[in-house]
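See below for the structure under consideration.
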Amino acid sequence: MRQAGGTADDLQDDAWVSEHFQGIEDGSQLLSAVRLQLRQMGIRSAEESKTKKCLDILVSRLNQSVPTADIAETREALEAEIAQQAQAAGLGVDAFLMQNGVSRAQFEESINEQARDEAELAAALDAFAFVRKLSVDDGEFTHYLSVPEKDLEQFIDQARHQGFYGEIRDAALRNKAMETVVSECVCNYKHESKEEAASRIKQLTDVLDAASAGEKSDGGGLKLV
């Protein structure tokens with residue numbers, strides 16, 4: 001409305017609305033179109049959050065005990081990934097973190113939390129796959145590891161030769177377990193109340209205003225419950 005040079009009052013002028021919004025005949029039709037668009041956005045947002053929601057519940061229900069060594073190993077892998085990103089940017093790790101507005105203390109706290117979460121999820125998926133007797137064969141790497149079919153044979157040969165075939169097989173099995181969990185979940189949805197929407201919008205605004213602090217927020221609209 002503002003871009004078209006109008007105000008809310010112009011919604012009552014069907015001729016003005018029709019002139020400024022292609023395919024729209026009057027203010028009522030415009031509002032209906034906006035409501036439909038917002039609903040579709042809410043559905044997409046809820047669906048995008050579905051995988052994480054399902055996996056979070058899986059982890060909490062299975063409550064697997066994760067060895068400290070597994071968490072440390074996951075942390076090392078995450079640190080190596082950050083180091084590679086820093087190197088690609090031509091920076092040291094500390095300079096890379098500073099460039100992204102993250103202090104070393106914030107990074108340490110974040111990576112410890114992420115390592116624990118990923119190790120707990122891996123343990124839960126392994127337990128789920130074991131109980132459900134899931135398995136993967138080499139041909140499924142195309143789907144579960146996104147390996148192009150034309151490169152599959154070379155990928156497997158290289159993995160065997162370099163000694164990491166077991167790791168990629170575990171990763172493929174976990175991805176299969178993850179896909180199975182999400183596909184079998186029954187989810188309920190509800191619309192946010194005005195108060196919940198206002199709180200979420202404020203939270204998102206606060207995150208944008210303090211992005212350098214590395215705070216996190218969940219989006220919504222139509223919520224998974």
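For the structure tokens, the naming scheme is as follows: chains receive sequential letters (A, B, ...) according to their order of presentation, residues are indexed from 1 within each chain, and ligands are indexed from 1 in presentation order.
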
Per residue of stretch 131-195 of chain A within 10 Å of stretch 35-58 of chain A, record the nearest atom pair and its distance in Å to one decimal, counting only C-alpha atoms, with rows in chain order and ascending residue number, as a Markdown table.
```
| residue | atom | partner | partner_atom | distance |
| --- | --- | --- | --- | --- |
| A:Met178 | CA | A:Leu55 | CA | 7.4 |
| A:Glu179 | CA | A:Thr51 | CA | 8.6 |
| A:Val181 | CA | A:Cys54 | CA | 7.2 |
| A:Val182 | CA | A:Thr51 | CA | 6.0 |
| A:Ser183 | CA | A:Thr51 | CA | 9.2 |
| A:Glu184 | CA | A:Cys54 | CA | 9.6 |
| A:Cys185 | CA | A:Cys54 | CA | 6.9 |
| A:Val186 | CA | A:Cys54 | CA | 9.2 |
| A:Cys187 | CA | A:Lys50 | CA | 8.2 |
| A:Tyr189 | CA | A:Ala46 | CA | 8.1 |
| A:Lys190 | CA | A:Ala46 | CA | 9.8 |
| A:His191 | CA | A:Gly42 | CA | 8.7 |
| A:Glu192 | CA | A:Gly42 | CA | 9.9 |
```

Report as a VMD selection string: the residues of stretch 21-225 of chain A with a DSSP assignment of helix (DSSP H, G or I), based on the backbone of this structure.
chain A and resid 27 to 62 68 to 88 93 to 99 104 to 131 138 to 144 149 to 162 165 to 184 194 to 209 211 to 213

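One distance worth recording is that between atom CA of A:Arg104 and atom CA of A:Lys202, which is 27.3 Å.
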
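Computed from the coordinates, the atom CA of A:Gln158 to atom CA of A:His143 distance equals 18.4 Å.
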
Name all residues at most 10 Å from A:Glu79 (count only C-alpha atoms; drop same-chain ones fewer than 2 positions away) and give them as an MDAnalysis selection string.
chainID A and resid 73:77 81:85 93 107:108 111 115

Residues as selected, C-alpha atoms, written as a PDB file, in the first residue's frame, can you do that?
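Ended up saving to part.pdb:
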```
ATOM      1  CA  GLU A  73      35.288 -36.260  18.808  1.00  0.00           C
ATOM      2  CA  THR A  74      32.258 -34.379  17.483  1.00  0.00           C
ATOM      3  CA  ARG A  75      33.692 -31.136  18.840  1.00  0.00           C
ATOM      4  CA  GLU A  76      36.993 -31.745  17.051  1.00  0.00           C
ATOM      5  CA  ALA A  77      35.137 -32.271  13.769  1.00  0.00           C
ATOM      6  CA  GLU A  81      35.151 -27.366   9.861  1.00  0.00           C
ATOM      7  CA  ILE A  82      35.410 -23.834  11.253  1.00  0.00           C
ATOM      8  CA  ALA A  83      39.181 -23.868  10.698  1.00  0.00           C
ATOM      9  CA  GLN A  84      38.635 -24.854   7.059  1.00  0.00           C
ATOM     10  CA  GLN A  85      36.157 -22.012   6.590  1.00  0.00           C
ATOM     11  CA  VAL A  93      40.208 -18.728  13.414  1.00  0.00           C
ATOM     12  CA  PHE A 107      32.313 -19.649  20.107  1.00  0.00           C
ATOM     13  CA  GLU A 108      33.485 -22.035  22.836  1.00  0.00           C
ATOM     14  CA  ILE A 111      30.547 -25.310  19.861  1.00  0.00           C
ATOM     15  CA  ALA A 115      28.883 -30.975  19.878  1.00  0.00           C
TER      16      ALA A 115
END
```

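Pairwise distance (atom CA of A:Arg2, atom CA of A:His20) equals 11.0 Å.
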